[in-house]
Amino acid sequence: MAKKSKRQLEEELRKKIREELHQKYEQKKEKQQTEPVQTEPTQPPAQEETVDEYLWHQALEAQVYGAYPEFVRCENHINEVKWLTPWELDGEYEFYPTEESWLMRLKNKWFGKQAKIVKAAEEKNPQEVAALRDKLKADAKARIAEFREKQEQARKTKKSELEKKIFQEEIDRFYSKKKGYKKYTNHLNEFRWMTDEEFRNQDEFLEEVELPGQIWRRRILITVVSVLAVVAFVWLWNTYKSEEVHRAYLQITSNDNHAQLYVDKVLAVGFSAGQPYRITPGAHTISLVRKGFTSEPRSQTIEVAENDTATVAFTLQENKFAESGLVKLSAPYKDAEIIVNGEFVGSLETMSELNLASGVYTLTLEKPGYSVSPPQQAFHLHAGDTLSFSFHLRPHKQYRKRNSAAVSGFIEVRSSVKDADIYLDGQKTSFQTDYILQDIPLGSHSVRVVKDGYKGYPNEQVVKLTEKNNRVQVSFTLSSVAKRVVLRTRPFAANLFVDGKPVGKGEVRISLPQGTHSIDFASVPYYDKPKVREFTVSSASDNQFVFEYTLNYSVLFEPDKTSSAENKASVQQGYLLNDESFRRSNENGPEVRTNSKINSKVWMLGYAFRYRNPPGKDALQLIFDIPPTLDLTQPIYLKLWAYRTNDLYPLILKGDTRYSVFVNQFALKKNIRPAFSDKDIAPDHFQRFQINELLHPGYNRILITTTDQTTAHMMLWKATIE
């Protein structure tokens with residue numbers, strides 16, 4: 001037999017303990033239900049004990065039970081005495097053990113007051129004392145035997161300290177699930193689970209024990225309350241200590257709404273034409289820049305007071321040079337300022353390429369706190385030239401922030417999905433995440449990000465820049481708001497293109513952002529593809545779209561020509577005899593004539609042999625190819641421009657025209673009478689038959705023949721399959 005692991009033995013022990021606990025609990029519960037309710041005891045009709053009898057009874061019990069070390073002398077709160085074994089004491093709530101040494105017990109037994117009382121009682125009632133002594137000894141032996149049996153059982157159950165620990169854990173687990181039970185401890189650090197009633201009827205286990213779950217809940221609650229209190233205190237302190245930021249406003253009027261605003265040669269992030277832009281009070285240099293344009297004036301210096309609005313006007317004119325060249329700039333810092341002939345023309349971030357008129361120029365870059373190498377570039381620009389200049393910027397050893405740094409800060413904007421448009425104070429900037437917005441005026445600002453097909457969480461965040469905290473970071477989580485879309489083409493599985501990108505073939509299940517999208521389709525042989533169209537994805541619809549391809553398969557059969565998409569069609573002339581098998585013949589078969597009314601050739605079908613009996617029947621066999629990509633569940637028709645004539649057979653006074661059609665040797669229809677006569681020949685006078693169920697991929701044959709009932713020739717102008 002395989003040796004059990006330590007874990008298996010532990011699980012078996014736990015299972016055994018749980019079963020014993022459950023059994024004891026049920027027995028106790030059943031005993032409480034069956035025992036009568038204890039009431040105030042009434043005096044039995046028996047004769048009451050005298051004081052002497054009570055004393056010698058107690059003294060005799062002390063002698064008998066005290067002789068056994070298994071018994072413990074116990075008293076209650078009114079000094080009543082009871083001798084109990086440790087096992088009985090474990091379930092006792094009224095009596096508690098008294099301290100008594102072995103020597104004191106021996107002295108009381110032979111020389112104490114109790115011994116004298118017993119000796120006096122023996123002299124008066126020797127038989128009664130002897131009978132009671134024997135009864136007490138028998139009771140003591142029985143209780144000791146029971147105690148030793150329980151002790152042996154307990155010794156088997158609690159083999160080690162680990163088993164004791166497991167036993168206590170299972171007790172705690174068992175009673176913690178029982179309603180109304182609580183755990184208590186005494187001065188000896190012993191534990192017991194009791195109900196409220198049991199707790200009130202004992203005075204040993206007085207202190208309630210907190211369970212681990214209760215301890216952890218209390219600790220977590222205290223921690224949460226402490227953290228919230230600290231956060232609230234910090235917020236209140238910052239609110240109290242934060243200084244009020246002074247502000248002013250700048251209103252720009254211009255003939256161009258696409259130019260960028262620069263305040264003190266720094267790009268004004270969040271500027272929108274026609275909207276006041278917040279700046280700090282004081283003196284500022286204002287420039288309006290757009291690539292390919294020149295502003296008039298190039299820059300303006302203003303001074304604005306607190307809570308005041310300064311209005312500055314610019315006129316932008318498009319650069320139209322008779323002769324010009326291109327200048328390309330590069331530097332490690334994109335916020336470097338470009339100075340051409342001593343005038344500020346923009347930052348490297350937006351004006352890295354300059355289209356200048358032919359002439360002589362000096363060019364340099366500037367960035368506060370940095371030295372530029374080379375200091376400047378002087379050059380002569382000719383028509384058609386493309387010049388490239390590279391600058392290096394190094395920070396000064398002792399760099400101090402300029403005055404504007406004390407009144408501006410940085411906002412770092414991040415998002416879980418990159419390249420989302422950044423909005424500052426409700427205005428769209430020219431930047432996308434992740435990006436650090438620089439030189440933002442101190443104060444409160446609202447920031448949000450927008451990306452097609454995504455929703456931002458939170459929708460907007462408000463940050464506050466102060467002199468002490470002039471750099472903040474905001475993060476957004478972008479969740480896709482795309483909807484599941486099913487796109488399907490019928491009857492053919494064709495390639496699909498959504499918004500110019502291939503997405504799959506046939507039935508496509510993709511996720512698309514809500515809104516309008518365009519869809520295009522690949523060409524399929526023998527089908528007309530649907531036109532490019534738009535479809536709308538929304539949350540209110542099931543977003544399932546079906547697009548139909550139109551079958552464009554046709555084969556034309558005429559006496560002088562036969563045509564199909566790939567010229568895989570032909571006509572065979574011949575006849576049928578009694579065996580009904582087609583025999584190809586260019587001599588005995590339909591006659592080709594020219595019809596003067598339509599000025600076109602036609603077939604004349606009648607008998608095959610004039611002087612033969614039976615004369616046979618003229619027949620035409622149409623052979624054509626069905627491509628494997630063709631959907632044969634769609635209707636495909638055979639059209640016949642067949643007409644009655646008055647060209648009677650020999651010796652016939654009144655004729656009739658009949659014909660039959662066979663498709664792949666299946667009789668489509670027999671003894672058909674043409675619906676029109678040869679006098680009614682016209683493009684719209686034809687008979688149509690649906691044949692797609694009789695077709696198959698590959699070569700197919702259609703047989704058209706006169707019948708035995710035919711006595712007048714039939715004219716067949718043409719036949720088509722479409």
# chains A, B, ... in the order shown; residues from 1 in each chain; ligands from 1

$ residues_around --residues "Ser295 in chain A" --least-positions-apart "4" --cutoff "9 Å" --atoms "only C-alpha atoms" --output "PyMOL selection string"
chain A and resi 287-290+299+314-318

$ write_last_selection --atoms "C-alpha atoms" --output "compact mmCIF listing (two decimals), in the first residue's frame"
# COMPACT_ATOMS: atom_id res chain seq x y z
CA SER A 287 3.70 87.53 -33.22
CA LEU A 288 1.34 85.84 -35.67
CA VAL A 289 3.00 83.25 -37.93
CA ARG A 290 1.87 81.04 -40.78
CA SER A 299 5.47 91.60 -34.21
CA PHE A 314 -2.40 91.50 -37.86
CA THR A 315 -2.70 91.23 -41.63
CA LEU A 316 -1.26 88.16 -43.35
CA GLN A 317 -0.30 88.14 -47.02
CA GLU A 318 0.69 85.07 -49.00

$ residues_around --residues "range 192-205 of chain A" --least-positions-apart "5" --cutoff "10 Å" --atoms "only C-alpha atoms" --output "ChimeraX atom specification"
/A:76-77,90,92-96,168,171-172,175-176,178-187

$ closest_residue --among "A:Leu703, A:Val450, A:Leu496, A:Leu622" --to "Tyr575 in chain A" --atoms "only C-alpha atoms"
A:Leu703

$ residues_around --residues "range 634-648 of chain A" --least-positions-apart "6" --cutoff "9 Å" --atoms "only C-alpha atoms" --output "PyMOL selection string"
chain A and resi 491+551+553+654-658+673-693+711-722

$ residues_around --residues "range 469-486 of chain A" --least-positions-apart "2" --cutoff "7 Å" --atoms "only C-alpha atoms" --output "CSV table (one decimal) with all heavy atoms, in the first residue's frame"
chain,number,residue,atom,x,y,z
A,408,SER,N,4.7,80.4,-15.8
A,408,SER,CA,4.2,79.4,-16.7
A,408,SER,C,4.7,78.0,-16.2
A,408,SER,O,5.5,77.9,-15.3
A,408,SER,CB,4.8,79.6,-18.1
A,408,SER,OG,6.2,79.5,-18.2
A,409,GLY,N,4.1,77.0,-16.8
A,409,GLY,CA,4.4,75.6,-16.4
A,409,GLY,C,4.3,74.6,-17.5
A,409,GLY,O,4.2,75.0,-18.7
A,410,PHE,N,4.3,73.3,-17.1
A,410,PHE,CA,4.2,72.2,-18.1
A,410,PHE,C,3.1,71.3,-17.7
A,410,PHE,O,2.8,71.0,-16.6
A,410,PHE,CB,5.5,71.5,-18.1
A,410,PHE,CG,6.8,72.3,-18.3
A,410,PHE,CD1,7.4,72.9,-17.2
A,410,PHE,CD2,7.3,72.5,-19.6
A,410,PHE,CE1,8.5,73.7,-17.4
A,410,PHE,CE2,8.4,73.3,-19.8
A,410,PHE,CZ,9.0,73.9,-18.7
A,411,ILE,N,2.4,70.8,-18.8
A,411,ILE,CA,1.4,69.8,-18.6
A,411,ILE,C,1.7,68.6,-19.5
A,411,ILE,O,1.7,68.7,-20.7
A,411,ILE,CB,0.0,70.3,-19.0
A,411,ILE,CG1,-0.4,71.6,-18.1
A,411,ILE,CG2,-1.1,69.3,-18.8
A,411,ILE,CD1,-1.7,72.2,-18.5
A,412,GLU,N,2.0,67.5,-18.9
A,412,GLU,CA,2.3,66.3,-19.6
A,412,GLU,C,1.0,65.5,-19.8
A,412,GLU,O,0.4,65.1,-18.8
A,412,GLU,CB,3.4,65.4,-18.8
A,412,GLU,CG,3.8,64.2,-19.6
A,412,GLU,CD,4.9,63.4,-18.9
A,412,GLU,OE1,5.3,63.9,-17.8
A,412,GLU,OE2,5.3,62.3,-19.4
A,413,VAL,N,0.7,65.2,-21.0
A,413,VAL,CA,-0.6,64.6,-21.4
A,413,VAL,C,-0.2,63.2,-21.9
A,413,VAL,O,0.5,63.1,-22.9
A,413,VAL,CB,-1.4,65.4,-22.4
A,413,VAL,CG1,-2.7,64.7,-22.6
A,413,VAL,CG2,-1.5,66.8,-21.9
A,414,ARG,N,-0.8,62.2,-21.3
A,414,ARG,CA,-0.6,60.8,-21.8
A,414,ARG,C,-1.9,60.1,-22.0
A,414,ARG,O,-2.9,60.5,-21.4
A,414,ARG,CB,0.2,60.0,-20.7
A,414,ARG,CG,1.7,60.5,-20.5
A,414,ARG,CD,2.4,59.7,-19.5
A,414,ARG,NE,3.8,60.0,-19.4
A,414,ARG,CZ,4.7,59.4,-20.2
A,414,ARG,NH1,4.4,58.5,-21.0
A,414,ARG,NH2,6.0,59.8,-20.1
A,415,SER,N,-1.9,59.1,-22.8
A,415,SER,CA,-3.1,58.3,-23.1
A,415,SER,C,-2.7,56.9,-23.4
A,415,SER,O,-1.6,56.6,-23.8
A,415,SER,CB,-3.9,58.9,-24.3
A,415,SER,OG,-3.2,58.8,-25.5
A,416,SER,N,-3.7,56.0,-23.1
A,416,SER,CA,-3.4,54.5,-23.3
A,416,SER,C,-3.3,54.2,-24.7
A,416,SER,O,-2.6,53.2,-25.1
A,416,SER,CB,-4.5,53.7,-22.6
A,416,SER,OG,-5.8,54.0,-23.2
A,417,VAL,N,-3.9,55.0,-25.6
A,417,VAL,CA,-3.8,54.8,-27.1
A,417,VAL,C,-3.1,56.1,-27.6
A,417,VAL,O,-3.7,57.2,-27.4
A,417,VAL,CB,-5.2,54.6,-27.7
A,417,VAL,CG1,-5.0,54.4,-29.2
A,417,VAL,CG2,-5.8,53.3,-27.2
A,453,GLY,N,-13.2,56.9,-32.9
A,453,GLY,CA,-13.4,55.5,-32.6
A,453,GLY,C,-13.1,55.2,-31.2
A,453,GLY,O,-13.2,54.0,-30.8
A,454,TYR,N,-12.8,56.2,-30.3
A,454,TYR,CA,-12.4,55.9,-28.9
A,454,TYR,C,-13.2,56.9,-28.0
A,454,TYR,O,-13.5,58.0,-28.4
A,454,TYR,CB,-10.9,56.0,-28.7
A,454,TYR,CG,-10.1,54.9,-29.4
A,454,TYR,CD1,-9.7,55.1,-30.7
A,454,TYR,CD2,-9.8,53.7,-28.7
A,454,TYR,CE1,-9.0,54.1,-31.3
A,454,TYR,CE2,-9.1,52.7,-29.3
A,454,TYR,CZ,-8.7,52.9,-30.6
A,454,TYR,OH,-8.0,51.9,-31.3
A,455,LYS,N,-13.4,56.5,-26.8
A,455,LYS,CA,-13.9,57.3,-25.8
A,455,LYS,C,-13.0,57.4,-24.6
A,455,LYS,O,-12.4,56.5,-24.2
A,455,LYS,CB,-15.3,56.7,-25.3
A,455,LYS,CG,-16.0,57.6,-24.2
A,455,LYS,CD,-17.3,57.0,-23.8
A,455,LYS,CE,-18.0,57.9,-22.8
A,455,LYS,NZ,-19.3,57.4,-22.4
A,456,GLY,N,-12.8,58.7,-24.2
A,456,GLY,CA,-11.8,58.9,-23.1
A,456,GLY,C,-12.4,58.8,-21.7
A,456,GLY,O,-13.5,59.3,-21.5
A,457,TYR,N,-11.6,58.2,-20.8
A,457,TYR,CA,-12.0,58.1,-19.4
A,457,TYR,C,-10.8,58.7,-18.5
A,457,TYR,O,-9.7,58.1,-18.6
A,457,TYR,CB,-12.3,56.7,-19.0
A,457,TYR,CG,-13.4,56.1,-19.7
A,457,TYR,CD1,-13.2,55.3,-20.9
A,457,TYR,CD2,-14.7,56.3,-19.3
A,457,TYR,CE1,-14.3,54.7,-21.6
A,457,TYR,CE2,-15.8,55.7,-20.0
A,457,TYR,CZ,-15.5,54.9,-21.1
A,457,TYR,OH,-16.6,54.4,-21.8
A,458,PRO,N,-11.0,59.7,-17.8
A,458,PRO,CA,-12.2,60.5,-17.7
A,458,PRO,C,-12.4,61.4,-19.0
A,458,PRO,O,-11.4,61.5,-19.7
A,458,PRO,CB,-12.0,61.4,-16.5
A,458,PRO,CG,-10.5,61.5,-16.4
A,458,PRO,CD,-9.9,60.2,-16.9
A,465,LEU,N,-1.8,74.8,-12.2
A,465,LEU,CA,-0.4,75.1,-12.1
A,465,LEU,C,-0.1,76.3,-11.2
A,465,LEU,O,-0.8,77.3,-11.3
A,465,LEU,CB,0.1,75.5,-13.5
A,465,LEU,CG,0.0,74.4,-14.6
A,465,LEU,CD1,0.4,74.9,-16.0
A,465,LEU,CD2,0.9,73.2,-14.3
A,466,THR,N,0.8,76.1,-10.3
A,466,THR,CA,1.2,77.1,-9.4
A,466,THR,C,2.7,77.3,-9.4
A,466,THR,O,3.4,76.5,-10.1
A,466,THR,CB,0.8,76.8,-7.9
A,466,THR,OG1,1.5,75.6,-7.5
A,466,THR,CG2,-0.7,76.5,-7.8
A,467,GLU,N,3.2,78.3,-8.8
A,467,GLU,CA,4.7,78.6,-8.8
A,467,GLU,C,5.4,77.4,-8.1
A,467,GLU,O,6.5,77.1,-8.5
A,467,GLU,CB,5.0,79.9,-8.1
A,467,GLU,CG,4.5,81.1,-8.8
A,467,GLU,CD,4.9,82.4,-8.1
A,467,GLU,OE1,5.6,82.3,-7.1
A,467,GLU,OE2,4.5,83.5,-8.6
A,488,ARG,N,-21.3,41.3,-45.9
A,488,ARG,CA,-21.5,40.1,-46.6
A,488,ARG,C,-21.8,40.4,-48.1
A,488,ARG,O,-22.5,41.4,-48.4
A,488,ARG,CB,-22.7,39.3,-46.0
A,488,ARG,CG,-22.8,37.9,-46.6
A,488,ARG,CD,-24.0,37.2,-46.1
A,488,ARG,NE,-23.9,37.0,-44.6
A,488,ARG,CZ,-24.7,37.6,-43.7
A,488,ARG,NH1,-25.6,38.5,-44.1
A,488,ARG,NH2,-24.5,37.4,-42.4
A,507,GLU,N,-18.0,36.8,-46.2
A,507,GLU,CA,-18.6,37.3,-45.0
A,507,GLU,C,-17.5,37.7,-44.1
A,507,GLU,O,-16.7,36.9,-43.6
A,507,GLU,CB,-19.5,36.2,-44.4
A,507,GLU,CG,-20.2,36.7,-43.1
A,507,GLU,CD,-21.2,35.7,-42.5
A,507,GLU,OE1,-22.0,35.1,-43.4
A,507,GLU,OE2,-21.2,35.5,-41.3
A,508,VAL,N,-17.5,39.0,-43.7
A,508,VAL,CA,-16.4,39.5,-42.9
A,508,VAL,C,-17.0,40.1,-41.6
A,508,VAL,O,-18.0,40.9,-41.7
A,508,VAL,CB,-15.7,40.7,-43.7
A,508,VAL,CG1,-14.6,41.2,-42.8
A,508,VAL,CG2,-15.1,40.1,-45.0
A,509,ARG,N,-16.4,39.7,-40.5
A,509,ARG,CA,-16.9,40.3,-39.2
A,509,ARG,C,-15.7,41.1,-38.6
A,509,ARG,O,-14.7,40.5,-38.3
A,509,ARG,CB,-17.2,39.1,-38.2
A,509,ARG,CG,-18.4,38.3,-38.7
A,509,ARG,CD,-18.7,37.1,-37.8
A,509,ARG,NE,-19.8,36.3,-38.4
A,509,ARG,CZ,-21.1,36.5,-38.1
A,509,ARG,NH1,-21.4,37.5,-37.2
A,509,ARG,NH2,-22.0,35.7,-38.6
A,510,ILE,N,-15.9,42.4,-38.5
A,510,ILE,CA,-14.8,43.3,-38.1
A,510,ILE,C,-15.5,44.3,-37.1
A,510,ILE,O,-16.7,44.5,-37.1
A,510,ILE,CB,-14.1,44.0,-39.2
A,510,ILE,CG1,-15.1,44.8,-40.1
A,510,ILE,CG2,-13.4,43.0,-40.1
A,510,ILE,CD1,-14.5,45.6,-41.1
A,511,SER,N,-14.6,45.0,-36.4
A,511,SER,CA,-15.0,46.1,-35.5
A,511,SER,C,-14.7,47.4,-36.1
A,511,SER,O,-13.5,47.6,-36.5
A,511,SER,CB,-14.3,45.9,-34.1
A,511,SER,OG,-14.8,44.8,-33.5
A,512,LEU,N,-15.6,48.3,-36.3
A,512,LEU,CA,-15.4,49.6,-36.9
A,512,LEU,C,-15.9,50.6,-36.0
A,512,LEU,O,-16.9,50.5,-35.2
A,512,LEU,CB,-16.2,49.6,-38.2
A,512,LEU,CG,-15.7,48.7,-39.4
A,512,LEU,CD1,-16.6,48.9,-40.6
A,512,LEU,CD2,-14.3,49.1,-39.7
A,513,PRO,N,-15.3,51.8,-35.9
A,513,PRO,CA,-15.8,52.9,-35.1
A,513,PRO,C,-17.2,53.4,-35.6
A,513,PRO,O,-17.5,53.2,-36.8
A,513,PRO,CB,-14.7,54.0,-35.4
A,513,PRO,CG,-13.5,53.3,-35.9
A,513,PRO,CD,-14.0,52.1,-36.6
A,514,GLN,N,-18.0,53.9,-34.7
A,514,GLN,CA,-19.3,54.4,-35.1
A,514,GLN,C,-19.1,55.6,-36.1
A,514,GLN,O,-18.2,56.4,-35.9
A,514,GLN,CB,-20.1,54.8,-33.9
A,514,GLN,CG,-20.3,53.6,-32.9
A,514,GLN,CD,-21.2,54.0,-31.8
A,514,GLN,OE1,-22.2,54.8,-32.0
A,514,GLN,NE2,-20.9,53.5,-30.6
A,543,ASN,N,-26.1,46.5,-37.4
A,543,ASN,CA,-24.8,46.6,-38.2
A,543,ASN,C,-24.5,45.4,-39.0
A,543,ASN,O,-23.4,44.9,-39.0
A,543,ASN,CB,-23.7,47.0,-37.2
A,543,ASN,CG,-23.9,48.3,-36.5
A,543,ASN,OD1,-24.3,49.3,-37.1
A,543,ASN,ND2,-23.7,48.3,-35.2
A,544,GLN,N,-25.5,44.9,-39.7
A,544,GLN,CA,-25.3,43.9,-40.7
A,544,GLN,C,-25.7,44.4,-42.1
A,544,GLN,O,-26.7,44.9,-42.3
A,544,GLN,CB,-26.1,42.6,-40.4
A,544,GLN,CG,-25.8,42.0,-39.0
A,544,GLN,CD,-26.4,40.6,-38.9
A,544,GLN,OE1,-26.9,40.0,-39.8
A,544,GLN,NE2,-26.5,40.1,-37.6
A,545,PHE,N,-24.7,44.2,-43.0
A,545,PHE,CA,-24.9,44.8,-44.3
A,545,PHE,C,-24.6,43.7,-45.4
A,545,PHE,O,-23.7,43.0,-45.3
A,545,PHE,CB,-23.9,46.0,-44.5
A,545,PHE,CG,-24.0,47.1,-43.5
A,545,PHE,CD1,-23.3,47.0,-42.3
A,545,PHE,CD2,-25.0,48.1,-43.6
A,545,PHE,CE1,-23.4,48.0,-41.4
A,545,PHE,CE2,-25.1,49.1,-42.7
A,545,PHE,CZ,-24.3,49.0,-41.5

$ residues_around --residues "range 279-283 of chain A" --least-positions-apart "2" --cutoff "8 Å" --atoms "only C-alpha atoms" --output "number ranges by chain"
A: 246-250, 277, 285, 301-307, 407, 441

$ residues_around --residues "Tyr361 in chain A" --least-positions-apart "5" --cutoff "10 Å" --atoms "only C-alpha atoms" --output "VMD selection string"
chain A and resid 340 to 342 356 377 to 381

$ closest_residue --among "A:Pro86, A:Val81, A:Tyr262, A:Arg278" --to "Gly443 in chain A" --atoms "only C-alpha atoms"
A:Arg278

$ atom_distance --atom1 "CA of Lys141 in chain A" --atom2 "CA of Glu88 in chain A"
14.3 Å

$ closest_residue --among "A:Arg133, A:Lys164, A:Lys428, A:His284" --to "Phe271 in chain A" --atoms "only C-alpha atoms"
A:Lys428

$ select_by_dssp --residues "range 128-249 of chain A" --states "strand (DSSP E)" --output "number ranges by chain"
A: 182-185, 191-194, 207-208, 248-249

$ write_last_selection --atoms "N, CA and C atoms" --output "compact mmCIF listing (two decimals), in the first residue's frame"
# COMPACT_ATOMS: atom_id res chain seq x y z
N LYS A 182 -19.91 32.63 20.07
CA LYS A 182 -18.77 33.53 20.15
C LYS A 182 -17.64 32.81 20.88
N LYS A 183 -16.42 33.28 20.63
CA LYS A 183 -15.24 32.65 21.20
C LYS A 183 -14.77 33.46 22.41
N TYR A 184 -14.49 32.77 23.53
CA TYR A 184 -14.07 33.42 24.77
C TYR A 184 -12.80 32.74 25.27
N THR A 185 -12.05 33.44 26.15
CA THR A 185 -10.83 32.91 26.74
C THR A 185 -10.85 33.19 28.24
N PHE A 191 -9.57 28.41 25.46
CA PHE A 191 -10.62 28.98 24.63
C PHE A 191 -11.85 28.10 24.69
N ARG A 192 -13.00 28.74 24.51
CA ARG A 192 -14.26 28.01 24.47
C ARG A 192 -15.28 28.82 23.68
N TRP A 193 -16.05 28.09 22.86
CA TRP A 193 -17.14 28.71 22.09
C TRP A 193 -18.44 28.53 22.86
N MET A 194 -19.18 29.60 23.06
CA MET A 194 -20.42 29.55 23.84
C MET A 194 -21.46 30.47 23.22
N GLU A 207 -13.50 36.88 28.64
CA GLU A 207 -13.01 37.82 27.62
C GLU A 207 -13.32 37.27 26.23
N GLU A 208 -14.03 38.07 25.41
CA GLU A 208 -14.35 37.66 24.04
C GLU A 208 -13.11 37.81 23.16
N ALA A 248 -4.55 87.93 -17.45
CA ALA A 248 -5.08 88.91 -18.39
C ALA A 248 -5.43 88.16 -19.66
N TYR A 249 -5.98 88.88 -20.65
CA TYR A 249 -6.45 88.22 -21.86
C TYR A 249 -5.97 88.96 -23.09

$ select_by_dssp --residues "range 388-633 of chain A" --states "helix (DSSP H, G or I)" --output "list in words"
Asn403, Ser404, Ala405, Ala406 and Val407 of chain A
